[in-house]
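Below is one structure; the comments refer to it alone.
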Amino acid sequence: MRSLVFVVLLLVLSAPLVGGVWIGHLGSDDIAYVSAGQRLLNEEAFVGDSHWAVRHPVTIPTAISFAVFGFGEIQSILPSVAYYVSTVVLIFFLVSHFFDRQTGFLSGLIVATTPLFVVWATILGPDISEAAFCVASLSLFALWREQRHRFWLLVLCGALAGVAFLNRETAAVLALVFGLYFLAERRLAYFLIGVGWLVPVGLETLYFTMMTGDPLYRLHTVFSSHGTPALHVTGEHAAGTGNLTNDVLIGPWAALFLNQEMALLFWAVVPAAWFIVRHGSFDGRQKRFLGLMAVAFFSWMFFDSYILGLRSLPRYFAVPAVIAAIMVGVWLRHLAIGRPVVACFIGSAILGSYLLALDLENTSPRLAERTVAALAADSPVYTTSLIKRRAEFFLIWQGASQEEVLAGQHLHQPEREETVLRGNPPEDALIVLPVEAGHTGGLLPPGWEEVERVEGERTLVGRLAGLVGLDATLIDNGLRRIVWSAPPVGVYGFMGPADREDGADRTDSLARPIQ
């Protein structure tokens with residue numbers, strides 16, 4: 001009963017964060033997951049044609065959600081929410097088993113409130129599900145190491161590792177973790193992990209062989225998108241990680257220590273790890289458990305960052321974040337026993353950094369696409385081809401016709417340091433573009449003026465700044481992002497005759513940049 005109380009408390013505390021941050025459909029990779037979920041329901045023998053579409057632990061729950069609850073945006077996110085809840089509950093019971101309920105609660109609370117998990121619980125993707133399956137596999141391995149007569153734990157451990165691999169190939173790092181333990185202990189029982197792994201992977205291989213004739217269909221599909229693994233320790237990743245640096249060597253660590261989705265979590269791991277190494281009161285099973293977590297952490301950082309060469313996106317480090325939360329939870333619990341004031345101060349600092357990071361999160365990253373979908377139900381809309389593509393499912397869920405959305409060519413002109421919209425917008429349409437030129441904005445033809453501006457939510461920091469009259473100063477100094485949760489979107493209407501001769505080709509009409 002006490003465990004149930006702790007679990008309910010964890011969910012009650014995390015629900016407002018998830019609901020308050022809720023992002024929803026991104027119109028990015030999740031387009032492929034939503035499409036695959038639809039096709040699983042509508043096609044008799046569906047075979048994914050991209051590395052996204054073969055991620056069954058994402059696409060199958062999405063299809064089930066559509067079948068049970070109907071086709072909609074919220075329904076598409078339910079699998080991520082379910083994986084988020086499962087991960088939090090799993091962490092509570094896992095840590096409680098090796099320590100106590102209070103430690104389990106602290107670790108679960110840190111996971112549940114970490115911005116990375118709160119944000120990605122509201123987006124359809126493989127990141128939270130990867131954490132759920134990988135941590136579940138590691139948990140069973142940890143349990144087997146204290147109950148070595150229960151060999152079925154190894155089989156199930158391997159099966160979950162196999163499902164994690166089908167979710168995303170980055171989970172192959174678990175083979176490195178278990179391989180290191182095999183080399184250290186030389187136990188033949190470890191081969192049972194491979195037996196379990198072959199069950200889900202073998203079933204998929206059999207299915208793909210029957211459908212395509214290619215038993216290596218998954219690998220061929222994935223490698224055609226990402227290339228083959230190789231050692232990467234120098235150079236830079238392509239831009240777009242959101243980190244202070246794209247350097248291959250230090251970028252992964254920058255993602256952990258200098259990204260808002262992690263806030264102060266990994267800064268707290270440093271003293272936590274020092275305490276765990278120096279503290280002598282842990283019993284043998286606790287030391288083995290914490291040792292496993294450490295091996296998994298460094299294996300993940302090495303394999304995914306330097307062998308797979310993944311860009312240093314924070315969401316690729318969900319499993320290291322879980323491990324960090326466990327270690328910080330253990331540290332805070334021990335601090336609370338002897339130095340409760342210090343523990344409260346550190347815990348409050350971590351949670352405070354989480355709340356600040358969540359407040360500054362862009363909760364409306366597809367504001368332009370949602371605006372297009374809302375307007376297209378009543379009038380023709382003209383926008384960029386990129387926005388139209390991302391708005392595909394927003395239009396469907398709004399009941400608007402895609403034929404009502406026309407798209408101009410979306411070109412980037414580095415010499416002019418701006419993005420240009422070329423095209424022929426009809427005069428009875430509304431043009432929808434982000435206001436900031438160079439973001440995804442463009443240039444308006446003559447005669448078009450702003451008729452409406454759509455803003456994102458004002459941040460709490462922005463509201464507080466407004467109370468003391470600093471919001472305008474922040475915006476004027478390029479810190480608008482602190483005041484508003486998303487860049488504004490402009491809606492433009494035709495207000496006068498275009499500066500052109502009748503019959504002239506309007507595809508090359510360019511005018512002033514949007515301000």
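Here's how to read the names in the structure tokens: chain A, B, ... by the order shown, residue numbers from 1 in each chain, ligand numbers from 1 in the order shown.
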
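Within 8 Å of Asp49 in chain A, once only C-alpha atoms are used and residues closer than 3 positions along the same chain are dropped, the contacting residues are Ala53, Val54 and Thr221 of chain A.
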
>> At a cut-off of 9 Å, using only C-alpha atoms, what residues contact range 490-494 of chain A? Leave out same-chain residues fewer than 2 positions from it and give the result as a list in words.
In response: Ala368, Thr371, Pro426, Glu427, Asp428, Ala429, Leu430, Ile431, Val432, Leu433, Pro434, Val435, Leu444, Pro446, Gly447, Trp448, Glu449, Glu450, Val451, Glu452, Arg453, Val454, Glu455, Pro488, Gly496, Pro497, Ala498 and Ile514 of chain A

>> Which residue is closest to Val270 in chain A? Choose from A:Met301, A:Val68, A:Leu256, A:Val81 and count only C-alpha atoms.
In response: A:Leu256

I'd like the neighbourhood of Ala294 in chain A as a PDB file with C-alpha atoms, in the first residue's frame, where a residue qualifies if any of its atoms comes within 12 Å (using only C-alpha atoms), though same-chain residues fewer than 5 positions away should be ignored.
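What landed in around.pdb:
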```
ATOM      1  CA  LEU A 138      19.081  -3.580 -17.228  1.00  0.00           C
ATOM      2  CA  VAL A 177      27.230  -3.768 -21.537  1.00  0.00           C
ATOM      3  CA  VAL A 269      25.808  13.809 -10.778  1.00  0.00           C
ATOM      4  CA  ALA A 273      29.196   9.974  -8.103  1.00  0.00           C
ATOM      5  CA  ILE A 276      28.917   6.883  -4.135  1.00  0.00           C
ATOM      6  CA  VAL A 277      32.568   6.014  -4.834  1.00  0.00           C
ATOM      7  CA  LYS A 287      27.415  -1.811  -5.041  1.00  0.00           C
ATOM      8  CA  ARG A 288      26.779  -4.280  -7.866  1.00  0.00           C
ATOM      9  CA  PHE A 289      23.664  -2.371  -8.902  1.00  0.00           C
ATOM     10  CA  SER A 299      29.083   2.391 -22.502  1.00  0.00           C
ATOM     11  CA  TRP A 300      26.161   4.442 -23.780  1.00  0.00           C
ATOM     12  CA  MET A 301      28.197   7.633 -24.037  1.00  0.00           C
ATOM     13  CA  VAL A 319      19.102   6.397 -20.712  1.00  0.00           C
ATOM     14  CA  PRO A 320      22.168   8.204 -19.253  1.00  0.00           C
ATOM     15  CA  ALA A 321      19.706  10.743 -17.817  1.00  0.00           C
ATOM     16  CA  VAL A 322      17.792   7.967 -16.043  1.00  0.00           C
ATOM     17  CA  ILE A 323      21.024   6.581 -14.617  1.00  0.00           C
ATOM     18  CA  ALA A 324      22.021  10.064 -13.474  1.00  0.00           C
ATOM     19  CA  ILE A 326      19.135   7.216  -9.897  1.00  0.00           C
ATOM     20  CA  MET A 327      22.567   8.252  -8.630  1.00  0.00           C
TER      21      MET A 327
END
```

Set the distance at 10 Å and use only C-alpha atoms: which residues neighbour Leu160 in chain A once local chain neighbours fewer than 5 positions away are removed? I'd like the list as a JSON list (two decimals) with all heavy atoms, in the first residue's frame.
```json
[["chain", "number", "residue", "atom", "x", "y", "z"],
["A", 132, "ALA", "N", 12.52, 3.28, -21.59],
["A", 132, "ALA", "CA", 11.70, 2.30, -20.87],
["A", 132, "ALA", "C", 12.22, 0.88, -21.08],
["A", 132, "ALA", "O", 12.40, 0.12, -20.12],
["A", 132, "ALA", "CB", 10.24, 2.42, -21.32],
["A", 133, "PHE", "N", 12.46, 0.50, -22.32],
["A", 133, "PHE", "CA", 12.88, -0.88, -22.60],
["A", 133, "PHE", "C", 14.32, -1.14, -22.15],
["A", 133, "PHE", "O", 14.63, -2.22, -21.64],
["A", 133, "PHE", "CB", 12.73, -1.19, -24.10],
["A", 133, "PHE", "CG", 11.30, -1.34, -24.53],
["A", 133, "PHE", "CD1", 10.73, -0.45, -25.42],
["A", 133, "PHE", "CD2", 10.51, -2.37, -24.04],
["A", 133, "PHE", "CE1", 9.42, -0.59, -25.83],
["A", 133, "PHE", "CE2", 9.19, -2.51, -24.43],
["A", 133, "PHE", "CZ", 8.64, -1.62, -25.33],
["A", 134, "CYS", "N", 15.21, -0.16, -22.33],
["A", 134, "CYS", "CA", 16.60, -0.36, -21.92],
["A", 134, "CYS", "C", 16.71, -0.47, -20.40],
["A", 134, "CYS", "O", 17.42, -1.35, -19.88],
["A", 134, "CYS", "CB", 17.47, 0.79, -22.42],
["A", 134, "CYS", "SG", 17.80, 0.74, -24.20],
["A", 135, "VAL", "N", 16.03, 0.41, -19.68],
["A", 135, "VAL", "CA", 16.08, 0.35, -18.22],
["A", 135, "VAL", "C", 15.43, -0.93, -17.72],
["A", 135, "VAL", "O", 15.91, -1.55, -16.76],
["A", 135, "VAL", "CB", 15.40, 1.59, -17.61],
["A", 135, "VAL", "CG1", 15.30, 1.46, -16.10],
["A", 135, "VAL", "CG2", 16.19, 2.84, -17.97],
["A", 136, "ALA", "N", 14.35, -1.38, -18.37],
["A", 136, "ALA", "CA", 13.71, -2.64, -17.97],
["A", 136, "ALA", "C", 14.66, -3.81, -18.17],
["A", 136, "ALA", "O", 14.76, -4.71, -17.32],
["A", 136, "ALA", "CB", 12.43, -2.84, -18.77],
["A", 137, "SER", "N", 15.39, -3.81, -19.29],
["A", 137, "SER", "CA", 16.35, -4.88, -19.55],
["A", 137, "SER", "C", 17.48, -4.86, -18.51],
["A", 137, "SER", "O", 17.85, -5.91, -17.95],
["A", 137, "SER", "CB", 16.93, -4.72, -20.96],
["A", 137, "SER", "OG", 17.89, -5.72, -21.24],
["A", 138, "LEU", "N", 18.02, -3.70, -18.24],
["A", 138, "LEU", "CA", 19.08, -3.58, -17.23],
["A", 138, "LEU", "C", 18.57, -3.98, -15.84],
["A", 138, "LEU", "O", 19.31, -4.56, -15.04],
["A", 138, "LEU", "CB", 19.61, -2.15, -17.20],
["A", 138, "LEU", "CG", 20.43, -1.70, -18.41],
["A", 138, "LEU", "CD1", 20.67, -0.20, -18.38],
["A", 138, "LEU", "CD2", 21.76, -2.45, -18.49],
["A", 140, "LEU", "N", 16.27, -6.26, -15.11],
["A", 140, "LEU", "CA", 16.21, -7.72, -15.00],
["A", 140, "LEU", "C", 17.61, -8.32, -14.88],
["A", 140, "LEU", "O", 17.81, -9.31, -14.16],
["A", 140, "LEU", "CB", 15.49, -8.29, -16.22],
["A", 140, "LEU", "CG", 13.98, -7.97, -16.29],
["A", 140, "LEU", "CD1", 13.40, -8.46, -17.60],
["A", 140, "LEU", "CD2", 13.25, -8.60, -15.11],
["A", 154, "LEU", "N", 17.29, -13.78, -17.33],
["A", 154, "LEU", "CA", 18.21, -13.46, -18.41],
["A", 154, "LEU", "C", 17.52, -13.52, -19.77],
["A", 154, "LEU", "O", 17.78, -12.69, -20.65],
["A", 154, "LEU", "CB", 19.41, -14.40, -18.39],
["A", 154, "LEU", "CG", 20.43, -14.21, -17.27],
["A", 154, "LEU", "CD1", 21.56, -15.22, -17.41],
["A", 154, "LEU", "CD2", 20.99, -12.79, -17.27],
["A", 155, "VAL", "N", 16.67, -14.52, -19.95],
["A", 155, "VAL", "CA", 15.95, -14.64, -21.22],
["A", 155, "VAL", "C", 15.05, -13.42, -21.43],
["A", 155, "VAL", "O", 15.03, -12.83, -22.52],
["A", 155, "VAL", "CB", 15.11, -15.94, -21.25],
["A", 155, "VAL", "CG1", 14.31, -16.03, -22.55],
["A", 155, "VAL", "CG2", 16.02, -17.16, -21.10],
["A", 165, "PHE", "N", 16.09, -2.73, -29.29],
["A", 165, "PHE", "CA", 16.80, -2.64, -30.57],
["A", 165, "PHE", "C", 15.84, -2.37, -31.71],
["A", 165, "PHE", "O", 16.14, -1.59, -32.62],
["A", 165, "PHE", "CB", 17.59, -3.93, -30.81],
["A", 165, "PHE", "CG", 18.30, -3.98, -32.14],
["A", 165, "PHE", "CD1", 19.49, -3.30, -32.31],
["A", 165, "PHE", "CD2", 17.78, -4.70, -33.20],
["A", 165, "PHE", "CE1", 20.15, -3.33, -33.53],
["A", 165, "PHE", "CE2", 18.43, -4.74, -34.42],
["A", 165, "PHE", "CZ", 19.62, -4.05, -34.59],
["A", 166, "LEU", "N", 14.67, -3.03, -31.70],
["A", 166, "LEU", "CA", 13.67, -2.78, -32.73],
["A", 166, "LEU", "C", 13.10, -1.37, -32.62],
["A", 166, "LEU", "O", 12.65, -0.79, -33.61],
["A", 166, "LEU", "CB", 12.54, -3.81, -32.64],
["A", 166, "LEU", "CG", 12.93, -5.27, -32.82],
["A", 166, "LEU", "CD1", 11.69, -6.16, -32.78],
["A", 166, "LEU", "CD2", 13.68, -5.47, -34.14],
["A", 193, "ILE", "N", 20.84, -14.42, -22.61],
["A", 193, "ILE", "CA", 20.43, -13.07, -23.03],
["A", 193, "ILE", "C", 20.29, -13.04, -24.54],
["A", 193, "ILE", "O", 19.32, -12.48, -25.09],
["A", 193, "ILE", "CB", 21.45, -12.01, -22.56],
["A", 193, "ILE", "CG1", 21.52, -11.98, -21.03],
["A", 193, "ILE", "CG2", 21.09, -10.63, -23.11],
["A", 193, "ILE", "CD1", 22.58, -11.03, -20.50],
["A", 196, "GLY", "N", 17.09, -14.76, -25.62],
["A", 196, "GLY", "CA", 15.93, -13.88, -25.47],
["A", 196, "GLY", "C", 15.90, -12.80, -26.53],
["A", 196, "GLY", "O", 14.84, -12.46, -27.06],
["A", 197, "TRP", "N", 17.07, -12.23, -26.85],
["A", 197, "TRP", "CA", 17.17, -11.17, -27.86],
["A", 197, "TRP", "C", 16.68, -11.66, -29.22],
["A", 197, "TRP", "O", 16.05, -10.92, -29.99],
["A", 197, "TRP", "CB", 18.61, -10.71, -27.94],
["A", 197, "TRP", "CG", 18.86, -9.52, -28.82],
["A", 197, "TRP", "CD1", 18.77, -8.21, -28.45],
["A", 197, "TRP", "CD2", 19.26, -9.52, -30.19],
["A", 197, "TRP", "NE1", 19.09, -7.39, -29.53],
["A", 197, "TRP", "CE2", 19.39, -8.18, -30.60],
["A", 197, "TRP", "CE3", 19.52, -10.55, -31.12],
["A", 197, "TRP", "CZ2", 19.77, -7.82, -31.90],
["A", 197, "TRP", "CZ3", 19.89, -10.19, -32.41],
["A", 197, "TRP", "CH2", 20.02, -8.85, -32.78],
["A", 199, "VAL", "N", 14.35, -13.68, -29.92],
["A", 199, "VAL", "CA", 12.91, -13.90, -30.05],
["A", 199, "VAL", "C", 12.24, -12.73, -30.80],
["A", 199, "VAL", "O", 11.66, -12.95, -31.88],
["A", 199, "VAL", "CB", 12.26, -14.13, -28.68],
["A", 199, "VAL", "CG1", 10.73, -14.19, -28.81],
["A", 199, "VAL", "CG2", 12.79, -15.43, -28.06],
["A", 200, "PRO", "N", 12.29, -11.49, -30.31],
["A", 200, "PRO", "CA", 11.64, -10.42, -31.07],
["A", 200, "PRO", "C", 12.35, -10.11, -32.38],
["A", 200, "PRO", "O", 11.70, -9.86, -33.40],
["A", 200, "PRO", "CB", 11.69, -9.22, -30.11],
["A", 200, "PRO", "CG", 12.84, -9.50, -29.20],
["A", 200, "PRO", "CD", 12.86, -10.98, -29.04]]
```

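Take CA of Tyr83 in chain A and CA of Gly162 in chain A: the distance between them is 16.7 Å.
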
>> Between A:Val118, A:Leu40, A:Val330, A:Leu109, which residue has the minimum interatomic distance to Ala268 in chain A, considering only C-alpha atoms?
In response: A:Val330

> Near Ala175 in chain A, counting only C-alpha atoms, which residues have an atom at most 9 Å away, once you skip same-chain residues fewer than 4 positions from it, shown as number ranges by chain?
Replying inline: A: 161, 171, 179-180, 194

Using the selection just defined, write its residues with N, CA, C and O atoms as an mmCIF file, in the first residue's frame.
```
data_model
loop_
_atom_site.group_PDB
_atom_site.id
_atom_site.type_symbol
_atom_site.label_atom_id
_atom_site.label_comp_id
_atom_site.auth_asym_id
_atom_site.auth_seq_id
_atom_site.Cartn_x
_atom_site.Cartn_y
_atom_site.Cartn_z
ATOM 1 N N ALA A 161 15.851 -6.311 -24.398
ATOM 2 C CA ALA A 161 16.926 -5.671 -25.154
ATOM 3 C C ALA A 161 16.656 -5.759 -26.647
ATOM 4 O O ALA A 161 16.945 -4.821 -27.406
ATOM 5 N N ALA A 171 20.036 1.135 -29.166
ATOM 6 C CA ALA A 171 19.987 0.242 -28.002
ATOM 7 C C ALA A 171 20.913 -0.952 -28.151
ATOM 8 O O ALA A 171 21.048 -1.748 -27.207
ATOM 9 N N GLY A 179 28.216 -7.788 -22.802
ATOM 10 C CA GLY A 179 29.460 -8.407 -23.255
ATOM 11 C C GLY A 179 30.605 -8.140 -22.295
ATOM 12 O O GLY A 179 31.429 -9.023 -22.038
ATOM 13 N N LEU A 180 30.660 -6.927 -21.761
ATOM 14 C CA LEU A 180 31.708 -6.606 -20.791
ATOM 15 C C LEU A 180 31.581 -7.467 -19.538
ATOM 16 O O LEU A 180 32.588 -7.940 -18.988
ATOM 17 N N GLY A 194 21.245 -13.655 -25.231
ATOM 18 C CA GLY A 194 21.168 -13.719 -26.685
ATOM 19 C C GLY A 194 19.971 -14.511 -27.166
ATOM 20 O O GLY A 194 19.345 -14.159 -28.174
#
```

>> Based on the backbone DSSP call, show me all residues of range 109-302 of chain A assigned helix (DSSP H, G or I), as number ranges by chain.
In response: A: 109-113, 115-120, 127-144, 152-167, 169-185, 188-212, 217-226, 251-257, 265-278, 284-302

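Across the structure, CA of Phe69 in chain A and CA of Glu403 in chain A are spaced 27.4 Å apart.
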
Need to verify the contact set: Phe257 in chain A, 12 Å, only C-alpha atoms, exclusion of same-chain residues closer than 5 positions in sequence. Can you return it as a compact mmCIF listing (two decimals) with C-alpha atoms, in the first residue's frame?
```
# COMPACT_ATOMS: atom_id res chain seq x y z
CA ASN A 243 24.17 22.87 -28.17
CA LEU A 244 26.87 25.46 -27.63
CA THR A 245 29.19 23.31 -29.74
CA ILE A 250 32.95 17.28 -26.50
CA GLY A 251 29.48 17.78 -27.99
CA PRO A 252 27.89 14.83 -26.13
CA MET A 262 19.02 18.44 -18.65
CA ALA A 263 19.17 21.61 -16.50
CA LEU A 264 21.30 20.92 -13.38
CA LEU A 265 20.90 17.12 -13.42
CA PHE A 266 24.40 16.26 -14.58
CA TRP A 267 26.02 18.97 -12.49
CA ALA A 268 24.50 17.15 -9.51
CA VAL A 269 25.81 13.81 -10.78
CA VAL A 270 29.41 14.89 -10.19
CA SER A 312 24.62 15.35 -29.77
CA PRO A 314 19.88 15.60 -25.69
CA PHE A 317 20.84 10.52 -23.92
CA ALA A 321 19.71 10.74 -17.82
CA ALA A 324 22.02 10.06 -13.47
```

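One finds CA of Gly104 in chain A at 4.3 Å from CA of Phe92 in chain A.
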
Can you list, as a PDB file with N, CA, C and O atoms, in the first residue's frame, every protein, DNA or RNA residue that comes within 6 Å of range 377-380 of chain A when you count only C-alpha atoms, leaving out same-chain residues fewer than 6 positions away?
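Result saved to selection-v6.pdb:
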```pdb
ATOM      1  N   ALA A 400      -9.749  20.316 -42.485  1.00  0.00           N
ATOM      2  CA  ALA A 400      -9.537  21.253 -43.591  1.00  0.00           C
ATOM      3  C   ALA A 400      -8.971  20.512 -44.796  1.00  0.00           C
ATOM      4  O   ALA A 400      -8.309  19.485 -44.673  1.00  0.00           O
ATOM      5  N   GLU A 404      -6.746  23.602 -50.061  1.00  0.00           N
ATOM      6  CA  GLU A 404      -6.880  25.018 -49.720  1.00  0.00           C
ATOM      7  C   GLU A 404      -5.549  25.664 -49.356  1.00  0.00           C
ATOM      8  O   GLU A 404      -5.472  26.870 -49.144  1.00  0.00           O
ATOM      9  N   VAL A 405      -4.491  24.854 -49.263  1.00  0.00           N
ATOM     10  CA  VAL A 405      -3.173  25.379 -48.893  1.00  0.00           C
ATOM     11  C   VAL A 405      -2.260  25.326 -50.116  1.00  0.00           C
ATOM     12  O   VAL A 405      -2.006  24.255 -50.662  1.00  0.00           O
ATOM     13  N   ALA A 429      -6.294  34.826 -51.053  1.00  0.00           N
ATOM     14  CA  ALA A 429      -5.709  33.944 -50.039  1.00  0.00           C
ATOM     15  C   ALA A 429      -5.126  34.758 -48.896  1.00  0.00           C
ATOM     16  O   ALA A 429      -4.995  35.981 -48.964  1.00  0.00           O
TER      17      ALA A 429
END
```
